[in-house]
Structure formats: C-alpha cells, structure tokens
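Before any comments, here is the structure.
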Amino acid sequence: PGSAARQDEAWLTAVATLRERYADVPLIQCGRSNGARVACRTALKAGARGVLALAFPLHPPSNPARSRAGELREAGVEVVVVNGDRDPFGVPDPADATEVCVLPGERHDLSRTPSAVGEVAAEWLGRWSGRS
C-alpha cells in the first residue's frame, strides 16, 4: 500500500474534497485492516469525530512484538474497534481504544458473520446520529 505518509496524504486529500462539499456533516472515519490504521492516524487532521476500525491489525502475524497500539491510543478521537478472536494480526487491548468488540470465531476478514459486524457498527453510529 505504500508508505504511511503517502497513504495518509492521499486519505486527507480525499477527505478535504468531501469536506468542501459536505462541510456541515460530522465526519466519522472508517477503515478495515490497513485502512483502519490510516483512519486512526489521520482522524485529528481530517477533523473526524470518531473512527470505526474494522479488523485493526495490531501487529504483523510474524512479529507479535511489533505493536501498532499507539495508532489507536493517539487517534485523539473516540475509536471503536471490531476484531475477530481468531485474527492472526492480534486483538487490541480494550485500554487502547474507546471500545473493543471481539467477535467469536471471526478471523481477519470478518466474513463469518458479517451481520454481527454490521450490528456493532450500526449501534455505535446510531449514537452519533441520535438514533440508538
């Protein structure tokens, strides 16, 4: 996917275009896997109010000691993580995010029970929209 700096720059460029068009709409960023990392790293610069991080890759499968938990802790906004308990990239500690929802039987692709992922996302997004 390229360097983190280039990914973040591209994300912020896309968000800036959307913000020009929809300036009055609150921004909630969402990403899956590497996209979740980008969403966390850019949240403050993008003016996001929160991040929904799906299958956040806590560490490379071959190097569990190389934690990326700092990206969650340093997002500067509310971060809700949805991970599977069988994710080879690891599961973030609940202390590293606003909320960590661990779905049983799910791996990194979160494809076993997509409706469960949707339910977590809908409940959290509903709080932002006042519909929960």
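FYI, nothing fancy with the structure tokens labels: chains A, B, ... in order, residues from 1 per chain, ligands from 1 as they appear.
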
Let's see if you can do this: from backbone DSSP, list all strand (DSSP E or B) residues in chain A, as a short mmCIF file (atom, residue, chain, number, x, y, z; two decimals) with all heavy atoms, in the first residue's frame.
data_model
loop_
_atom_site.label_atom_id
_atom_site.label_comp_id
_atom_site.auth_asym_id
_atom_site.auth_seq_id
_atom_site.Cartn_x
_atom_site.Cartn_y
_atom_site.Cartn_z
N ILE A 28 -17.20 10.82 10.48
CA ILE A 28 -16.80 9.60 11.18
C ILE A 28 -16.00 8.80 10.16
O ILE A 28 -16.52 8.44 9.11
CB ILE A 28 -18.02 8.77 11.64
CG1 ILE A 28 -18.96 9.58 12.51
CG2 ILE A 28 -17.55 7.50 12.35
CD1 ILE A 28 -18.39 10.04 13.82
N GLN A 29 -14.75 8.54 10.47
CA GLN A 29 -13.91 7.79 9.55
C GLN A 29 -14.02 6.30 9.86
O GLN A 29 -14.20 5.91 11.02
CB GLN A 29 -12.45 8.24 9.65
CG GLN A 29 -12.27 9.68 9.28
CD GLN A 29 -10.84 10.07 8.99
OE1 GLN A 29 -10.65 10.85 8.09
NE2 GLN A 29 -9.85 9.58 9.72
N CYS A 30 -13.91 5.51 8.82
CA CYS A 30 -13.95 4.06 8.98
C CYS A 30 -12.94 3.44 8.04
O CYS A 30 -12.73 3.93 6.93
CB CYS A 30 -15.36 3.53 8.67
SG CYS A 30 -15.50 1.73 8.84
N GLY A 31 -12.32 2.38 8.49
CA GLY A 31 -11.41 1.64 7.65
C GLY A 31 -11.31 0.21 8.13
O GLY A 31 -11.62 -0.09 9.28
N ARG A 32 -10.89 -0.65 7.22
CA ARG A 32 -10.70 -2.05 7.56
C ARG A 32 -9.23 -2.40 7.35
O ARG A 32 -8.64 -2.02 6.34
CB ARG A 32 -11.57 -2.94 6.67
CG ARG A 32 -11.56 -4.38 7.12
CD ARG A 32 -12.10 -5.32 6.03
NE ARG A 32 -11.53 -6.62 6.21
CZ ARG A 32 -10.28 -6.96 5.90
NH1 ARG A 32 -9.46 -6.09 5.38
NH2 ARG A 32 -9.84 -8.18 6.12
N GLY A 50 -14.84 10.63 15.18
CA GLY A 50 -14.64 9.27 15.65
C GLY A 50 -14.12 8.39 14.54
O GLY A 50 -14.11 8.78 13.37
N VAL A 51 -13.68 7.19 14.92
CA VAL A 51 -13.17 6.21 13.96
C VAL A 51 -13.79 4.85 14.28
O VAL A 51 -13.82 4.43 15.44
CB VAL A 51 -11.63 6.09 14.03
CG1 VAL A 51 -11.13 4.93 13.17
CG2 VAL A 51 -10.97 7.39 13.61
N LEU A 52 -14.25 4.19 13.25
CA LEU A 52 -14.68 2.80 13.34
C LEU A 52 -13.59 1.98 12.66
O LEU A 52 -13.38 2.09 11.45
CB LEU A 52 -16.03 2.60 12.64
CG LEU A 52 -16.59 1.19 12.62
CD1 LEU A 52 -16.80 0.66 14.04
CD2 LEU A 52 -17.90 1.16 11.85
N ALA A 53 -12.85 1.21 13.46
CA ALA A 53 -11.70 0.45 12.98
C ALA A 53 -12.07 -1.03 12.89
O ALA A 53 -12.22 -1.70 13.92
CB ALA A 53 -10.51 0.66 13.91
N LEU A 54 -12.23 -1.52 11.69
CA LEU A 54 -12.59 -2.93 11.47
C LEU A 54 -11.33 -3.74 11.21
O LEU A 54 -10.51 -3.39 10.36
CB LEU A 54 -13.54 -3.05 10.28
CG LEU A 54 -14.82 -2.21 10.35
CD1 LEU A 54 -15.62 -2.36 9.06
CD2 LEU A 54 -15.66 -2.61 11.56
N GLU A 78 -12.74 9.34 19.61
CA GLU A 78 -13.32 8.05 20.01
C GLU A 78 -13.04 7.02 18.91
O GLU A 78 -13.26 7.28 17.73
CB GLU A 78 -14.83 8.22 20.20
CG GLU A 78 -15.51 6.99 20.73
CD GLU A 78 -16.97 7.23 21.05
OE1 GLU A 78 -17.35 8.36 21.39
OE2 GLU A 78 -17.73 6.24 20.98
N VAL A 79 -12.51 5.87 19.32
CA VAL A 79 -12.22 4.79 18.38
C VAL A 79 -12.91 3.52 18.85
O VAL A 79 -12.72 3.07 19.98
CB VAL A 79 -10.70 4.51 18.26
CG1 VAL A 79 -10.44 3.35 17.30
CG2 VAL A 79 -9.95 5.75 17.80
N VAL A 80 -13.73 2.95 17.97
CA VAL A 80 -14.37 1.67 18.23
C VAL A 80 -13.74 0.65 17.29
O VAL A 80 -13.69 0.86 16.07
CB VAL A 80 -15.90 1.75 18.01
CG1 VAL A 80 -16.52 0.37 18.10
CG2 VAL A 80 -16.52 2.68 19.04
N VAL A 81 -13.24 -0.43 17.87
CA VAL A 81 -12.57 -1.48 17.12
C VAL A 81 -13.46 -2.72 17.09
O VAL A 81 -14.04 -3.09 18.11
CB VAL A 81 -11.21 -1.85 17.79
CG1 VAL A 81 -10.54 -3.00 17.05
CG2 VAL A 81 -10.31 -0.64 17.87
N VAL A 82 -13.56 -3.34 15.93
CA VAL A 82 -14.25 -4.62 15.79
C VAL A 82 -13.23 -5.60 15.22
O VAL A 82 -12.73 -5.41 14.11
CB VAL A 82 -15.48 -4.53 14.86
CG1 VAL A 82 -16.18 -5.88 14.77
CG2 VAL A 82 -16.44 -3.45 15.33
N ASN A 83 -12.89 -6.63 15.99
CA ASN A 83 -11.93 -7.64 15.58
C ASN A 83 -12.49 -9.02 15.87
O ASN A 83 -13.37 -9.18 16.72
CB ASN A 83 -10.61 -7.50 16.34
CG ASN A 83 -9.60 -6.63 15.63
OD1 ASN A 83 -9.84 -5.45 15.41
ND2 ASN A 83 -8.46 -7.20 15.30
N GLY A 84 -11.93 -10.00 15.19
CA GLY A 84 -12.27 -11.38 15.47
C GLY A 84 -11.31 -11.97 16.48
O GLY A 84 -10.14 -11.58 16.54
N GLU A 99 -13.67 1.51 22.68
CA GLU A 99 -14.39 0.23 22.79
C GLU A 99 -13.73 -0.77 21.87
O GLU A 99 -13.35 -0.44 20.75
CB GLU A 99 -15.85 0.42 22.39
CG GLU A 99 -16.70 -0.81 22.45
CD GLU A 99 -18.14 -0.58 22.00
OE1 GLU A 99 -18.58 0.59 21.98
OE2 GLU A 99 -18.80 -1.57 21.66
N VAL A 100 -13.56 -1.99 22.34
CA VAL A 100 -13.05 -3.08 21.51
C VAL A 100 -14.08 -4.20 21.57
O VAL A 100 -14.35 -4.74 22.64
CB VAL A 100 -11.68 -3.59 21.98
CG1 VAL A 100 -11.24 -4.80 21.15
CG2 VAL A 100 -10.63 -2.48 21.90
N CYS A 101 -14.66 -4.50 20.44
CA CYS A 101 -15.65 -5.58 20.33
C CYS A 101 -14.97 -6.76 19.65
O CYS A 101 -14.51 -6.64 18.52
CB CYS A 101 -16.86 -5.11 19.52
SG CYS A 101 -18.09 -6.41 19.33
N VAL A 102 -14.90 -7.88 20.35
CA VAL A 102 -14.26 -9.08 19.82
C VAL A 102 -15.34 -10.09 19.44
O VAL A 102 -16.11 -10.52 20.30
CB VAL A 102 -13.28 -9.68 20.84
CG1 VAL A 102 -12.58 -10.90 20.25
CG2 VAL A 102 -12.25 -8.63 21.27
N LEU A 103 -15.39 -10.43 18.17
CA LEU A 103 -16.40 -11.36 17.68
C LEU A 103 -15.86 -12.78 17.66
O LEU A 103 -14.83 -13.05 17.03
CB LEU A 103 -16.84 -10.94 16.28
CG LEU A 103 -17.43 -9.53 16.17
CD1 LEU A 103 -17.74 -9.19 14.72
CD2 LEU A 103 -18.67 -9.39 17.03
#

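Minimum atom-to-atom distances from A:Arg66, A:Arg73, A:His59, A:Arg19 to A:Pro88 were compared using only C-alpha atoms, and the lowest value belongs to A:His59.
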
Restrict the calculation to only C-alpha atoms, then for each residue of stretch 8-27 of chain A with any atom at most 12 Å from an atom of stretch 108-128 of chain A give the closest atom pair and their distance in Å to one decimal, rows by chain and rising residue number, as a Markdown table.
| residue | atom | partner | partner_atom | distance |
| --- | --- | --- | --- | --- |
| A:Val25 | CA | A:Trp128 | CA | 11.3 |
| A:Pro26 | CA | A:Trp128 | CA | 8.8 |
| A:Leu27 | CA | A:Trp128 | CA | 10.1 |

Exercise. What residues in stretch 12-107 of chain A get the DSSP label helix (DSSP H, G or I)? Please answer as a PyMOL selection string.
Worked result: chain A and resi 12-21+34-46+69-73+94-96

Residues at most 7 Å from stretch 7-11 of chain A, counting only C-alpha atoms, excluding those fewer than 4 positions away in the same chain, as a PDB file with N, CA and C atoms, in the first residue's frame?
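Result saved to around_36.pdb:
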ATOM      1  N   GLY A   2       2.126   1.194   0.081  1.00  0.00           N
ATOM      2  CA  GLY A   2       2.954   2.391   0.111  1.00  0.00           C
ATOM      3  C   GLY A   2       3.236   2.840   1.526  1.00  0.00           C
ATOM      4  N   SER A   3       4.013   3.900   1.637  1.00  0.00           N
ATOM      5  CA  SER A   3       4.396   4.391   2.957  1.00  0.00           C
ATOM      6  C   SER A   3       3.193   4.965   3.697  1.00  0.00           C
ATOM      7  N   VAL A  15     -10.539  13.294   1.809  1.00  0.00           N
ATOM      8  CA  VAL A  15     -11.428  13.836   2.834  1.00  0.00           C
ATOM      9  C   VAL A  15     -11.638  15.336   2.621  1.00  0.00           C
ATOM     10  N   VAL A  38      -4.952   3.901   8.815  1.00  0.00           N
ATOM     11  CA  VAL A  38      -4.964   5.219   8.178  1.00  0.00           C
ATOM     12  C   VAL A  38      -6.029   6.107   8.828  1.00  0.00           C
ATOM     13  N   THR A  42      -5.082   9.682  10.799  1.00  0.00           N
ATOM     14  CA  THR A  42      -5.493  10.946  10.183  1.00  0.00           C
ATOM     15  C   THR A  42      -6.709  11.585  10.839  1.00  0.00           C
TER      16      THR A  42
END

Exercise. Which residue, A:Gly70, A:Gly76, A:Gly35, A:Pro61, has the smallest gap to A:Ala48 when you use only C-alpha atoms?
Worked result: A:Gly76

For this session: One decimal, Å: what's the distance from atom CA of A:Ala5 over to atom CA of A:Arg107, could you say?
Result: 27.7 Å

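Take atom CA of A:Leu58 and atom CA of A:Asp96: the distance between them is 10.5 Å.
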